[in-house]
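I have placed the structure first, in the form of C-alpha cells, so that the comments after it can refer back to it.
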Amino acid sequence: MAKKIFFRRPAAGWNEALPIGNGFIGGMVCGDTETETIFLNEDSVWYGGRQERENPDAIKHLAEIRQLILAGNQLQAEELALAALTGVPDNQRHYDVAGDLELRLGHAFTEVENYERQLDFSGGLAAVSYNYRGAVYTREYFVSYPDRVMAIELTTDNPAGMDFRCRLVRGRGLVDEVQICRDSATVLMESSTSKDSLLFQVALSVDSDGEIGQLGEYLTVKGAQKTVLLVSIATGFRDEDLTCTNRKRLRQARQKGFKKLRQAHCADVSQLFERVDFCCGESRDEAVTTAEQWESVRAGEEKYMTSLMETLFHFGRYLLIACSRTGSLPANLQGIWNKDFLPPWDAKYTVNINTEMNYWPAEKANLAECHQPLFDHLERMYPQGRRTAQKMYGARGFVCHHNTDIYGDCGPQGAAVTATFWPMGAAWLVLHVFEHYRYSGDREFLARYFYLLEEAAVFFLDYLQELPGGWRGTLPSVSPENRFFNERGEKCALTAAPTMDNQLLRDLFQAYLEAAAILDQGSSRTEVQEALLRLPPDRIGNQGQLQEWFSDYEDVDPGHRHISHLYGVFPSHQITPEHKALFQAAKITLERRLTNGGGHTGWSCAWIINLYARLQDGDGVYQNARRLLQHSTLPNLLDDHPPFQIDGNFGYVSGVIEAIVQKRGQTIFLLPALPKEWSSGYLTGIRLPDNVTISIRWQENEIKEVRLTGPVDSFTTVVCKNTRFDREQLLQDPRFHLVVPITAD
C-alpha cells in the first residue's frame, strides 16, 4: 500500500494527476473517462536559445560597490548593483511545455462504476480501470527509460470493442506544423518555443486490433479490444533530424511490442526502487484511498499520519528515478513536470538551495545513478562560468550565481537584490562531486571532475576581499534571500561575508584540499590553505542565535523561509553536538525562525526536518513532517511551495534517513532523531559515506537488528542511544551483522 497511491475518481486537475517519467519525457496522467489528458514534457524543451548576458559595466563598478558596502552605504551599493551587476538581459531561459496528448473516449463518469486510478512506484506504472455499461475498460501508462518512449495500452472486454480518437495539442497557435501519416498511423507535431530556440517534435503512434482512421487532426480507432499508443519526443538539443529520431524510436518500440516494453521498463525501475525499503508504523487498511488519507491528515487527524509519511518517502524515491536518469538533464524546480508556458520561477535550476535539495537523497537513498545528470550539467556550466568570472569580476576559475538554465548560464539572474548578487552557486553544486566520491570511493570519478572543484575554489582566491579583523570574505554577496537592518535602520541585503558563504567556502576549500591530496594534483593548494585559514568563523549573536551576517544585524523577516546560516548543521557537518556553543546557537536560531512563522513553504519545511534530525530532535522531525503533509503537500503528494515545486519531496526523503541513521567521520549514529510515533519499523538498503550499506530494524524505539556492509576501515564506532560500540563489541552483539565484504580487500 505504501508503495503506491490510488484514487476512486479521475484527477480534477494537474494537482491530482499522476506523474510518470524516464528522465527525458514526463507525463501527468489525469485518468478521465470522457476526455483523457496526459500533460507532456521533455527535459530539453526550454524557451529561447543560448545567451551571453555578462554586463559590460560590472567590472568597471565592482570596486565602488565594494567600497560602499564596507562604508555602511548598502542601499547605494544596491542601487548601483541593480544597474551594473545584473545580466543583460537580466533573465535566463525558462522551461516550457511540450504539449498534451488528448484521448476522446466518451464515457460519462456518471455512468462509470468501480473506478480506480493508481500509480505503482515499484514498477513505474500508472493505471486506470472502470466498468462502463457492463464492460470493463483499462488503461496502463509508463515512460520507458530503456526504450525512450511513453507507452499507453487501452483494453476492454466489450465484444464490440471501443471507439475513441486521439490528437496532440500545444496551446493556442503554438504549433508550427502537424503531419498525420496514415500509412504508419503516426502524428508528428513540430514546434519551437521562440525564434532562436531549438526545434522539437512530439510524435504519436497508434497500433490497434481495431480500425484506424483519420478525422481532421485526430487519429481515430473503432471496434478495438486492444490499442497501444506510443509517444516519442525529439529536440534539437540532442538530435539533428527530429523526424528520423522519432520514427526510429517508434518503429523499434512497435516491433518490440507492449508486453516486452513493459517488462523492460518495470525491470529498469524496480532494480533502482527496490534497493531501499522503509516502514514506520502499523499496517493500514488497504481499501483506504490516498485521497481519504490525505484529507484525514489535512484535517489534523493522526489516524493515517504515519502511513502517509511512509508513502511520501517511497514516492520521493520514485520521483527521482522518474525525472533524473543518466543522459537526461538534472531535475529542475518541477522535476520534469510542468503545465505552464511561463512556469513559476521559470522552473529553472535555482541553486541557492533548491537544485541541491533535489539531490540530497541521491547517494544516501541508494540512487547514485540518478545523481549523474547534475555532474553532466556542471560540465555544461563550466565554460559559461569561466566567462562570467572573467568578464564580471576579472577573476580566474568559474562562478555561478543563484540560477542556471539548460545552457549552463552562470550570470546573475533577475533583478532581486536579495538573490541576484549571490556568487556561491557553483561552490555549492561542485560539493556534490565530492559527496559522490565520499559515498563511493571512486577515484576515477574524482579525477574526472577534480577540475570543477579546483576551478570553483580558484575563483574565490580572486573574489575574496579584506575585511575588518584581518578576515577575508565574499564581497558583494547576500544571505539568500533575506534582509537585515543596518546601523542606520535601513532594510538591506547586499553585504560582505554572510555566514552561509563562509560555511560553504570551508567545505569547498577542504574538499579541494582533500581531493588534491588523494589524487596528488592541484596547483592551488597553498593559496587555498591560506584562504581557508582567513575565513571568518561562525559567531553567536546577542540573542544567543547563530549570526546570519558578518555583523550582528537584526533580521527584517525573522521568520524567513531561508535558514541559510544553518547550512553548517545540514547538509554540512560543521556544527555538531561536539561544538556545544554553536550547536545550542543553531537550536535557538531554528526555534526563532519557527516562532516567527518560518518553514511555511514546502522545501523550507523539508529542510527543517533535516535540521531537526541533525539536532537530534525526533519530535521536531515528526512535527515538521506532519506540517509538510498538512500544509505543503498536494492531493497527488507532490510538494506545494505553493505552487508545486518538487524539492520538498526530495528533501523529505533525506530527512527521514537522517532521523534514522547518520555517519560522521568514522562513527555511525543509529536512531539519532527517531520520532516516538515511529516506535517500530525498518529502513533497509541505505548507503552511508565510505561505501557502507546499512539496514536497520527497531521495535519500541530500540534496535533489534543491524546489517552493515562495507570496507574494513570504513567505520570504527557505532553509537545508539548514547551507547558506543567499537568493532569488537559489535562482533559480539547478536543484533549486529557485519556482512561480507567487511575485509581489507
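Residues in the C-alpha cells are named by chain (A, B, ... in the order shown) and by number from 1 within that chain; ligands are numbered from 1 in the order shown.
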Close residues, Tyr437 (chain A) itself excluded, 10 Å, only C-alpha atoms, min 4 positions apart in chain, as an mmCIF file with C-alpha atoms, in the first residue's frame:
```
data_model
loop_
_atom_site.group_PDB
_atom_site.id
_atom_site.type_symbol
_atom_site.label_atom_id
_atom_site.label_comp_id
_atom_site.auth_asym_id
_atom_site.auth_seq_id
_atom_site.Cartn_x
_atom_site.Cartn_y
_atom_site.Cartn_z
ATOM 1 C CA GLU A 363 23.550 8.965 -2.558
ATOM 2 C CA LEU A 431 30.371 19.820 -3.452
ATOM 3 C CA HIS A 432 28.031 17.173 -4.889
ATOM 4 C CA VAL A 433 31.042 15.876 -6.816
ATOM 5 C CA GLY A 441 35.316 5.968 -3.012
ATOM 6 C CA ASP A 442 35.562 6.113 -6.821
ATOM 7 C CA ARG A 443 38.971 7.715 -7.530
ATOM 8 C CA GLU A 444 38.414 7.627 -11.277
ATOM 9 C CA PHE A 445 35.249 9.666 -10.844
ATOM 10 C CA LEU A 446 37.031 12.145 -8.571
ATOM 11 C CA ALA A 447 39.855 12.539 -11.067
ATOM 12 C CA ALA A 515 40.774 15.676 -3.268
ATOM 13 C CA PRO A 689 29.798 7.512 3.195
ATOM 14 C CA ASP A 690 32.834 5.290 2.595
ATOM 15 C CA ASN A 691 30.839 2.751 0.584
#
```
Which residues, written as a PyMOL selection string, have at least one atom at most 6 Å from region 391-398 of chain A, with only C-alpha atoms counted and residues fewer than 3 positions away on the same chain left out? chain A and resi 58-59+385-388+455-456+458-459+462
Those residues with N, CA, C and O atoms, as an mmCIF file, in the first residue's frame please?
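Written out: selection-v5.cif:
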```cif
data_model
loop_
_atom_site.group_PDB
_atom_site.id
_atom_site.type_symbol
_atom_site.label_atom_id
_atom_site.label_comp_id
_atom_site.auth_asym_id
_atom_site.auth_seq_id
_atom_site.Cartn_x
_atom_site.Cartn_y
_atom_site.Cartn_z
ATOM 1 N N ALA A 58 29.999 45.716 -15.262
ATOM 2 C CA ALA A 58 30.203 45.092 -13.956
ATOM 3 C C ALA A 58 31.601 45.356 -13.425
ATOM 4 O O ALA A 58 31.775 45.841 -12.298
ATOM 5 N N ILE A 59 32.603 45.026 -14.209
ATOM 6 C CA ILE A 59 33.977 45.117 -13.724
ATOM 7 C C ILE A 59 34.394 46.558 -13.467
ATOM 8 O O ILE A 59 35.246 46.840 -12.624
ATOM 9 N N GLY A 385 30.604 29.610 -16.821
ATOM 10 C CA GLY A 385 31.025 30.175 -15.551
ATOM 11 C C GLY A 385 32.411 30.795 -15.598
ATOM 12 O O GLY A 385 32.689 31.781 -14.896
ATOM 13 N N ARG A 386 33.304 30.237 -16.416
ATOM 14 C CA ARG A 386 34.632 30.849 -16.595
ATOM 15 C C ARG A 386 34.504 32.213 -17.268
ATOM 16 O O ARG A 386 35.189 33.176 -16.878
ATOM 17 N N ARG A 387 33.640 32.267 -18.274
ATOM 18 C CA ARG A 387 33.452 33.546 -18.970
ATOM 19 C C ARG A 387 32.858 34.593 -18.027
ATOM 20 O O ARG A 387 33.286 35.746 -18.005
ATOM 21 N N THR A 388 31.861 34.179 -17.225
ATOM 22 C CA THR A 388 31.244 35.107 -16.278
ATOM 23 C C THR A 388 32.260 35.605 -15.253
ATOM 24 O O THR A 388 32.294 36.796 -14.919
ATOM 25 N N GLU A 455 38.593 24.721 -10.000
ATOM 26 C CA GLU A 455 38.221 25.990 -10.632
ATOM 27 C C GLU A 455 37.206 26.771 -9.800
ATOM 28 O O GLU A 455 37.235 28.004 -9.767
ATOM 29 N N ALA A 456 36.309 26.077 -9.116
ATOM 30 C CA ALA A 456 35.371 26.768 -8.227
ATOM 31 C C ALA A 456 36.112 27.401 -7.061
ATOM 32 O O ALA A 456 35.803 28.525 -6.640
ATOM 33 N N VAL A 458 39.375 28.282 -7.034
ATOM 34 C CA VAL A 458 40.273 29.327 -7.536
ATOM 35 C C VAL A 458 39.534 30.646 -7.736
ATOM 36 O O VAL A 458 40.097 31.724 -7.490
ATOM 37 N N PHE A 459 38.288 30.593 -8.160
ATOM 38 C CA PHE A 459 37.528 31.841 -8.320
ATOM 39 C C PHE A 459 37.559 32.665 -7.044
ATOM 40 O O PHE A 459 37.767 33.881 -7.065
ATOM 41 N N ASP A 462 40.460 34.924 -5.955
ATOM 42 C CA ASP A 462 40.464 36.274 -6.525
ATOM 43 C C ASP A 462 39.308 37.124 -6.022
ATOM 44 O O ASP A 462 39.410 38.353 -5.977
#
```
All residues 9 Å or closer to Phe315 (chain A), only C-alpha atoms, same chain fewer than 4 positions away omitted, as an MDAnalysis selection string: chainID A and resid 2:5 121 310:311 319:320 637:638 649 653
Atomic distance CA of Cys266 (chain A) - CA of Ser122 (chain A), expressed in Å with one decimal: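 Separation of CA of Cys266 (chain A) and CA of Ser122 (chain A): 7.6 Å.
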What's the 10 Å shell around region 73-83 of chain A, counting only C-alpha atoms, without same-chain residues fewer than 4 positions away, as a ChimeraX atom specification? /A:55,57-58,61-62,64-69,87-88,90,414-418,420-421,476,486-488,490-495
Of the residues A:Glu190, A:Glu454, A:Asp617, A:Asp163, which is the one nearest to Leu219 (chain A), using only C-alpha atoms?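 Looking at the shortest contact to Leu219 (chain A), the residue is A:Asp163.
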Interatomic distance (Å, one decimal) between CA of Leu308 (chain A) and CA of Asn354 (chain A):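 A separation of 23.5 Å between them.
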Using only C-alpha atoms: which of A:Asp268, A:Asp538, A:Glu140, A:Glu54 has the shortest distance to Gly568 (chain A):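 Distance minimum relative to Gly568 (chain A) lands on A:Asp538.
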Could you pull out the helix (DSSP H, G or I) residues of region 347-427 of chain A, going by DSSP on the backbone, and write them as a PyMOL selection string? chain A and resi 347+354-358+360-364+368-393+417-420+425-427
Writer output for current selection, C-alpha atoms, as a PDB file, in the first residue's frame:
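Written out: selection_2.pdb:
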```
ATOM      1  CA  ALA A 347      11.158  26.074 -13.467  1.00  0.00           C
ATOM      2  CA  ASN A 354      16.579  24.044  -4.434  1.00  0.00           C
ATOM      3  CA  THR A 355      18.624  22.110  -7.004  1.00  0.00           C
ATOM      4  CA  GLU A 356      20.954  20.897  -4.274  1.00  0.00           C
ATOM      5  CA  MET A 357      17.954  19.704  -2.243  1.00  0.00           C
ATOM      6  CA  ASN A 358      16.737  17.728  -5.257  1.00  0.00           C
ATOM      7  CA  TRP A 360      20.158  15.336  -1.136  1.00  0.00           C
ATOM      8  CA  PRO A 361      18.701  11.807  -1.230  1.00  0.00           C
ATOM      9  CA  ALA A 362      20.604  10.596  -4.311  1.00  0.00           C
ATOM     10  CA  GLU A 363      23.550   8.965  -2.558  1.00  0.00           C
ATOM     11  CA  LYS A 364      22.020   8.045   0.809  1.00  0.00           C
ATOM     12  CA  ALA A 368      23.646   7.299  -7.077  1.00  0.00           C
ATOM     13  CA  GLU A 369      22.992   6.777 -10.811  1.00  0.00           C
ATOM     14  CA  CYS A 370      20.317   9.470 -10.619  1.00  0.00           C
ATOM     15  CA  HIS A 371      22.983  11.934  -9.439  1.00  0.00           C
ATOM     16  CA  GLN A 372      24.874  11.788 -12.769  1.00  0.00           C
ATOM     17  CA  PRO A 373      22.777  14.386 -14.660  1.00  0.00           C
ATOM     18  CA  LEU A 374      23.879  17.018 -12.128  1.00  0.00           C
ATOM     19  CA  PHE A 375      27.551  16.271 -12.810  1.00  0.00           C
ATOM     20  CA  ASP A 376      26.937  16.420 -16.552  1.00  0.00           C
ATOM     21  CA  HIS A 377      25.279  19.789 -16.136  1.00  0.00           C
ATOM     22  CA  LEU A 378      28.208  21.119 -14.113  1.00  0.00           C
ATOM     23  CA  GLU A 379      30.386  20.368 -17.128  1.00  0.00           C
ATOM     24  CA  ARG A 380      27.887  22.277 -19.261  1.00  0.00           C
ATOM     25  CA  MET A 381      28.086  25.214 -16.848  1.00  0.00           C
ATOM     26  CA  TYR A 382      31.868  25.290 -16.633  1.00  0.00           C
ATOM     27  CA  PRO A 383      32.744  27.282 -19.802  1.00  0.00           C
ATOM     28  CA  GLN A 384      29.890  29.698 -19.141  1.00  0.00           C
ATOM     29  CA  GLY A 385      31.025  30.175 -15.551  1.00  0.00           C
ATOM     30  CA  ARG A 386      34.632  30.849 -16.595  1.00  0.00           C
ATOM     31  CA  ARG A 387      33.452  33.546 -18.970  1.00  0.00           C
ATOM     32  CA  THR A 388      31.244  35.107 -16.278  1.00  0.00           C
ATOM     33  CA  ALA A 389      34.105  35.088 -13.748  1.00  0.00           C
ATOM     34  CA  GLN A 390      36.462  36.811 -16.160  1.00  0.00           C
ATOM     35  CA  LYS A 391      34.062  39.347 -17.673  1.00  0.00           C
ATOM     36  CA  MET A 392      32.248  40.357 -14.481  1.00  0.00           C
ATOM     37  CA  TYR A 393      34.983  40.112 -11.876  1.00  0.00           C
ATOM     38  CA  VAL A 417      18.880  42.261  -4.635  1.00  0.00           C
ATOM     39  CA  THR A 418      18.141  39.563  -2.052  1.00  0.00           C
ATOM     40  CA  ALA A 419      19.028  36.788  -4.501  1.00  0.00           C
ATOM     41  CA  THR A 420      20.675  38.038  -7.704  1.00  0.00           C
ATOM     42  CA  GLY A 425      26.025  28.607  -6.776  1.00  0.00           C
ATOM     43  CA  ALA A 426      28.980  26.774  -8.317  1.00  0.00           C
ATOM     44  CA  ALA A 427      30.658  26.446  -4.921  1.00  0.00           C
TER      45      ALA A 427
END
```
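We find CA of Lys348 (chain A) and CA of Ala98 (chain A) to be spaced 15.7 Å apart.
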Identify which of the residues A:Leu532, A:Ser307, A:Trp471, A:Gln574 lies closest to Cys280 (chain A), counting only C-alpha atoms when measuring atom-to-atom distances. A:Ser307
